[in-house]
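Below is one structure, written out as structure tokens; comments come after it.
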2 protein chains.
Amino acid sequence: MSDLHTVLSLHHQLATAYLDDVAHRPVRPYISPEALAAQLALLPGAEGISLKAVARQLKPVLTHTPATSSRSFFNQLFGGSDPAAVLGDMLAPLLNNSMYTYKAAGPHVLIENALITRMAGLAGMPRGEGTFTPGGSMSNQTAMMLARNEALDGIREGGLAGQRLRVYTSSASHYSIRKAAGMLGIGRDNVVDIGVDDEGRLDPRALAAAIAADRAEGFVPVMINATAGTTVQGAFDPIDAVADIAEAEGVWLHVDGAWGGSFLLSEQTRHRLAGLERADSFTWDAHKMMGVPLTCSLLLVREPGLLTRHLCEQATYLLQGDSARYNPATRSIQCGRRNDSLKLWTAWLHHGDSGYARRIEACVALAAHAAATIRAAPDLTLLHRPQSLNVCFVVRGRDSADITRALHERGLAMVGTGVVRGETSIRLVCVDPDMTPADIDAFFTHVRAVAGHTAA
Amino acid sequence: MSDLHTVLSLHHQLATAYLDDVAHRPVRPYISPEALAAQLALLPGAEGISLKAVARQLKPVLTHTPATSSRSFFNQLFGGSDPAAVLGDMLAPLLNNSMYTYKAAGPHVLIENALITRMAGLAGMPRGEGTFTPGGSMSNQTAMMLARNEALDGIREGGLAGQRLRVYTSSASHYSIRKAAGMLGIGRDNVVDIGVDDEGRLDPRALAAAIAADRAEGFVPVMINATAGTTVQGAFDPIDAVADIAEAEGVWLHVDGAWGGSFLLSEQTRHRLAGLERADSFTWDAHKMMGVPLTCSLLLVREPGLLTRHLCEQATYLLQGDSARYNPATRSIQCGRRNDSLKLWTAWLHHGDSGYARRIEACVALAAHAAATIRAAPDLTLLHRPQSLNVCFVVRGRDSADITRALHERGLAMVGTGVVRGETSIRLVCVDPDMTPADIDAFFTHVRAVAGHTAA
């Protein structure tokens with residue numbers, strides 16, 4: 001038996017044991033990094049050890065791994081585990097193709113192109129192009145780079161020449177917008193926070209006023225970001241109203257749908273993104289609501305050719321044969337690139353369009369169940385009308401951070417906090433379509449259990 | 001049996017069949033993307049299909065996947081398949097932790113930190129810090145951002161204000177240096193190509209002259225890049241001599257060791273990186289010579305605190321509890337981030353330091369065997385003295401591109417071309433330590449077979 005066959009067996013054993021373990025327990029009680037480090041042999045030695053010995057060292061690591069597929073994990077904008085996606089992604093390390101060229105990746109480039117075409121179509125960008133990036137932050141950064149370069153001639157070659165640039169985004173948008181401006185030489189201070197309404201949606205009038213004021217002072221607006229699914233409240237900015245302003249001003253419109261982009265998959269929810277077809281670029285993370293393992297993010301661009309114009313480099317040692325359409329390196333911020341598309345393809349094949357619609361709708365129903373539970377409870381206060389899968393609430397008279405910490409310390413649930421209109425709330429994220437209302441009910445039972453023991 | 005258990009079985013079957021298939025054949029004959037697309041059902045349907053049906057659709061994809069672990073794959077700066085690394089990486093999609101916080105990733109953050117400490121130590125940066133990035137291009141870009149921000153005050157907040165910046169790199173360096181300058185607002189035209197000697201190494205006198213000339217014209221030098229292992233020839237720039245200039249000029253020194261950084265693992269080869277301990281930052285891809293699946297790249301930085309200073313954003317919804325040391329999001333260009341460290345950890349445990357040294361030395365020996373074979377052959381010409389694992393040669397009187405294309409079309413070998421001093425050569429990369437001299441001999445047999453049939 002070759003070492004690779006040995007490894008397939010060891011993997012099967014470890015994975016089965018892990019699945020059996022997490023099926024019968026909630027998240028683990030909190031253990032400090034220092035205490036955990038003391039329990040693990042972390043450093044590779046001078047001499048190697050057998051594959052079986054490696055598997056033995058993996059066991060305590062798996063035991064202490066936060067179980068993001070557990071039914072008590074509500075901490076992030078991802079959760080659960082999609083078997084079909086896991087199947088695709090477990091094959092990727094064995095195949096180990098780099099996604100820069102057809103020569104090196106063959107059918108995986110075709111799969112990637114097919115997914116990009118499908119998703120651009122759903123986004124209302126039928127002529128569009130796209131690129132897989134390692135996460136929503138990278139997609140947003142790439143979009144801002146395109147916007148910057150399209151707003152002003154010669155930036156890519158000559159660099160920024162002291163133009164005073166401005167980017168507009170809501171105060172509830174993701175931090176990657178400000179971070180990207182810092183990376184790209186635009187400057188974090190040149191990201192203008194636009195106010196939001198009580199539901200966390202960007203106020204278009206405030207946006208128009210901010211642009212007008214900046215123009216009067218000689219600033220060059222390069223990008224407006226509208227968020228489709230904000231991080232804390234899950235709010236959708238009014239894309240159509242923002243697009244009116246972007247068109248009137250001639251400013252690039254980017255829609256950050258890292259979180260909420262998947263609402264395009266259901267007729268019941270896609271109205272939240274009305275106007276997206278007018279955007280210049282769109283970030284959509286499949287590793288969030290589409291449930292595929294991290295990371296799987298797409299940047300879609302309405303006008304074909306822009307990614308190549310602003311990213312392609314000459315690389316005669318790499319780009320040999322086949323047209324550029326089949327050599328994604330010409331459109332990527334990366335050179336060597338992991339295969340992030342196979343897992344999305346296997347998941348989509350398994351669920352089909354209709355299955356993905358049902359999965360999104362199931363999550364929306366879970367969030368509605370959570371919101372109804374909170375509304376009916378005298379000891380809980382809902383802080384907003386859920387627009388997607390985020391449900392932010394407080395336990396009356398209790399500190400939200402204390403409660404989330406106590407839930408984690410006792411191993412009852414993993415959930416985080418988020419600030420809503422200045423108030424720190426518990427942010428419950430209902431992103432696992434395989435959960436049931438009973439799982440949500442169990443969560444609230446745990447919240448009440450620890451709230452009874454925290455100081456009033 | 002749950003769907004996840006079904007998937008583990010299907011994966012085992014598919015993976016075993018794939019291994020058996022690639023063990024008994026070389027790379028596949030070339031098939032055009034259009035012809036391949038016609039053979040595959042690429043688009044997910046409206047209705048889903050069973051997991052078994054997904055597995056059936058995967059089979060032809062696997063059959064047509066370029067076998068990067070085959071003994072006739074010499075096309076990239078990676079190749080082969082490391083069972084221990086594959087074991088770690090096949091677990092990652094099942095665990096699905098995002099590497100931003102200890103809360104979400106637990107022991108995997110400890111593993112990542114341990115690897116960073118080990119590798120910074122090997123690089124002569126004992127106080128250093130680091131971040132895993134999705135590839136060498138991203139590591140280089142991050143380094144250039146740090147260099148830019150450290151050279152001039154206030155860039156991150158205020159943006160570039162018309163300063164005329166310059167970056168220096170050899171004409172043989174990787175395209176990601178120029179690409180990064182385009183992204184970061186420095187401008188591709190402000191990357192100054194420094195000449196190289198016959199072996200492809202940067203000429204320090206030309207570097208010093210270029211900086212002096214630029215200073216006289218009012219340019220601000222922000223970064224010097226020295227390459228440890230160039231893409232085509234595998235050359236090592238003289239880091240110590242470059243560091244003398246960087247120190248004298250007060251300019252950030254980055255070493256791009258994406259390819260050659262792993263030469264630190266053997267006492268026999270680490271002298272190639274003498275002077276690295278004087279660098280400010282260092283890119284090291286473990287998915288190349290360390291043989292772990294794509295991608296696994298590190299950016300190491302000598303002075304602790306710089307990554308946080310130039311990358312950390314406030315994110316109260318995310319960073320909850322545990323010190324920043326255990327929350328890598330504070331030092332990362334990404335937000336959600338895939339676990340790229342587990343595979344490196346399992347590989348290093350299995351091989352140990354001594355095993356990794358032997359593996360690097362085995363690759364060097366294969367390259368030496370290839371070079372000796374070429375030198376002894378009247379019909380072949382070696383174009384340089386190999387400094388690492390790249391062996392560039394031509395078949396006398398034959399076109400290198402014709403030969404590599406014919407090798408691929410007949411399914412005999414996958415290898416690329418690279419330009420050495422204006423001449424297009426066959427670039428043989430000996431990066432798979434599990435190959436033997438017989439595999440190299442077989443490659444040359446195939447080269448001669450197709451050369452006999454190409455036009456003189």
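By convention in this document, the chains of the structure tokens carry letters A, B, ... by their order, each chain's residues are numbered from 1, and ligands are numbered from 1 in the order they are shown.
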Task: Shell of 9 Å around range 295-304 of chain A, only C-alpha atoms, local chain residues under 4 positions omitted, as a ChimeraX atom specification - done: /A:116,119-120,123-136,138-140,142-143,258,277-288,308,340-341,343-344 /B:98,336-338
Store the residues of this selection in a file with C-alpha atoms, as a PDB file, in the first residue's frame.
```pdb
ATOM      1  CA  ILE A 116     -18.626  32.517 -13.447  1.00  0.00           C
ATOM      2  CA  MET A 119     -23.303  33.648 -11.483  1.00  0.00           C
ATOM      3  CA  ALA A 120     -22.758  36.697 -13.684  1.00  0.00           C
ATOM      4  CA  ALA A 123     -26.301  39.072 -11.114  1.00  0.00           C
ATOM      5  CA  GLY A 124     -27.752  40.620 -14.248  1.00  0.00           C
ATOM      6  CA  MET A 125     -24.360  40.917 -15.925  1.00  0.00           C
ATOM      7  CA  PRO A 126     -24.867  38.619 -18.931  1.00  0.00           C
ATOM      8  CA  ARG A 127     -21.757  39.857 -20.741  1.00  0.00           C
ATOM      9  CA  GLY A 128     -19.778  39.979 -17.500  1.00  0.00           C
ATOM     10  CA  GLU A 129     -16.512  38.401 -16.516  1.00  0.00           C
ATOM     11  CA  GLY A 130     -15.192  37.318 -13.153  1.00  0.00           C
ATOM     12  CA  THR A 131     -12.417  35.960 -11.039  1.00  0.00           C
ATOM     13  CA  PHE A 132     -12.284  33.720  -8.006  1.00  0.00           C
ATOM     14  CA  THR A 133     -10.435  35.427  -5.165  1.00  0.00           C
ATOM     15  CA  PRO A 134      -9.348  34.228  -1.708  1.00  0.00           C
ATOM     16  CA  GLY A 135     -12.183  35.953   0.145  1.00  0.00           C
ATOM     17  CA  GLY A 136     -14.547  38.897   0.107  1.00  0.00           C
ATOM     18  CA  MET A 138      -9.766  40.497  -1.744  1.00  0.00           C
ATOM     19  CA  SER A 139     -12.781  40.780  -4.067  1.00  0.00           C
ATOM     20  CA  ASN A 140     -13.626  44.192  -2.678  1.00  0.00           C
ATOM     21  CA  THR A 142      -9.843  44.199  -6.565  1.00  0.00           C
ATOM     22  CA  ALA A 143     -13.068  46.048  -7.357  1.00  0.00           C
ATOM     23  CA  ALA A 258     -20.136  38.837   0.134  1.00  0.00           C
ATOM     24  CA  GLU A 277     -27.783  44.771 -12.862  1.00  0.00           C
ATOM     25  CA  ARG A 278     -26.728  48.422 -12.955  1.00  0.00           C
ATOM     26  CA  ALA A 279     -23.596  47.855 -10.843  1.00  0.00           C
ATOM     27  CA  ASP A 280     -20.099  47.812 -12.313  1.00  0.00           C
ATOM     28  CA  SER A 281     -18.828  45.077  -9.999  1.00  0.00           C
ATOM     29  CA  PHE A 282     -20.175  42.630  -7.460  1.00  0.00           C
ATOM     30  CA  THR A 283     -18.607  40.571  -4.667  1.00  0.00           C
ATOM     31  CA  TRP A 284     -20.289  37.248  -3.904  1.00  0.00           C
ATOM     32  CA  ASP A 285     -18.922  34.765  -1.352  1.00  0.00           C
ATOM     33  CA  ALA A 286     -20.090  31.201  -1.917  1.00  0.00           C
ATOM     34  CA  HIS A 287     -18.466  30.115   1.354  1.00  0.00           C
ATOM     35  CA  LYS A 288     -21.117  31.962   3.309  1.00  0.00           C
ATOM     36  CA  THR A 308      -7.338  41.822 -18.059  1.00  0.00           C
ATOM     37  CA  ASP A 340     -11.833  26.978  -5.105  1.00  0.00           C
ATOM     38  CA  SER A 341     -14.375  26.171  -7.795  1.00  0.00           C
ATOM     39  CA  LYS A 343     -16.384  22.407  -4.289  1.00  0.00           C
ATOM     40  CA  LEU A 344     -18.934  24.934  -5.507  1.00  0.00           C
TER      41      LEU A 344
ATOM     42  CA  SER B  98     -11.714  30.550   9.374  1.00  0.00           C
ATOM     43  CA  GLY B 336     -12.182  35.119   6.381  1.00  0.00           C
ATOM     44  CA  ARG B 337      -9.212  32.908   5.602  1.00  0.00           C
ATOM     45  CA  ARG B 338      -8.758  29.253   4.753  1.00  0.00           C
TER      46      ARG B 338
END
```
- [ ] Name all residues at most 9 Å from Trp252 in chain A (count only C-alpha atoms; drop same-chain ones fewer than 5 positions away) and give them as a list in words.
- [x]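 Once the adjacent positions are removed, what remains is Met144, Leu146, Ala147, Arg148, Glu150, Ala151, Pro221, Val222, Met223, Ile224, Asn225, Ala246, Glu247, Ala279, Asp280 and Ser281 of chain A.
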When you look at range 81-83 of chain A with a cut-off of 7 Å (counting only C-alpha atoms), what residues show up, excluding the ones that are within fewer than 4 positions of it in the same chain? I need them as a JSON list (two decimals) with C-alpha atoms, in the first residue's frame.
```
[["chain", "number", "residue", "atom", "x", "y", "z"],
["A", 69, "SER", "CA", -20.73, 22.48, 11.68],
["A", 87, "LEU", "CA", -16.53, 15.98, -1.46],
["A", 291, "GLY", "CA", -22.30, 26.64, 2.42],
["A", 292, "VAL", "CA", -19.11, 25.58, 0.65],
["B", 3, "ASP", "CA", -24.57, 12.30, 3.85],
["B", 4, "LEU", "CA", -21.16, 13.19, 5.24],
["B", 7, "VAL", "CA", -19.23, 11.47, 1.02]]
```
Open item on the list: I want to know what sits within 6 Å of Asn75 in chain A, based on only C-alpha atoms, with residues of the same chain fewer than 5 positions away left out; could you give that as a PyMOL selection string?
Closed with: chain A and resi 414-416
Task: Spatial neighbours of Ser137 in chain A, 8 Å, only C-alpha atoms, chain gap at least 6 places, as a ChimeraX atom specification - done: /A:176-177,180 /B:333-335
- [ ] Excluding Leu10 in chain B and any residue of its chain fewer than 2 positions from it, enumerate the residues within 8 Å of it, using only C-alpha atoms, and give them as a ChimeraX atom specification.
- [x] /A:87 /B:6-8,12-14,52,55
Would you export the selected residues with C-alpha atoms as a PDB file, in the first residue's frame, please?
```
ATOM      1  CA  LEU A  87     -16.531  15.985  -1.462  1.00  0.00           C
TER       2      LEU A  87
ATOM      3  CA  THR B   6     -21.551   8.770   2.268  1.00  0.00           C
ATOM      4  CA  VAL B   7     -19.234  11.473   1.018  1.00  0.00           C
ATOM      5  CA  LEU B   8     -16.265  10.032   2.904  1.00  0.00           C
ATOM      6  CA  HIS B  12     -12.225   7.247  -0.798  1.00  0.00           C
ATOM      7  CA  GLN B  13     -13.390   5.483  -3.963  1.00  0.00           C
ATOM      8  CA  LEU B  14     -12.715   8.432  -6.259  1.00  0.00           C
ATOM      9  CA  LYS B  52     -23.487   9.216  -6.168  1.00  0.00           C
ATOM     10  CA  ALA B  55     -19.361  11.254  -8.039  1.00  0.00           C
TER      11      ALA B  55
END
```
Open item on the list: Need the shell around range 401-404 of chain B: protein/DNA/RNA residues with any atom at most 8 Å away, counting only C-alpha atoms. Skip same-chain ones fewer than 4 positions apart. Format as a PyMOL selection string?
Closed with: chain B and resi 408+414-417+424-426+447+450-451+454
Task: Nearest-residue call for chain B, choices A:Thr330, A:Gln320, A:Thr381, A:Ser400, using only C-alpha atoms - done: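 Closest candidate: A:Gln320.
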Task: Interatomic distance, CA of Leu51 in chain B to CA of Ala85 in chain B (Å, one decimal) - done: 26.3 Å
Task: Pairwise distance for CA of Arg178 in chain B and CA of Gly185 in chain A, rounded to one decimal in Å - done: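 Calculated distance between CA of Arg178 in chain B and CA of Gly185 in chain A is 15.6 Å.
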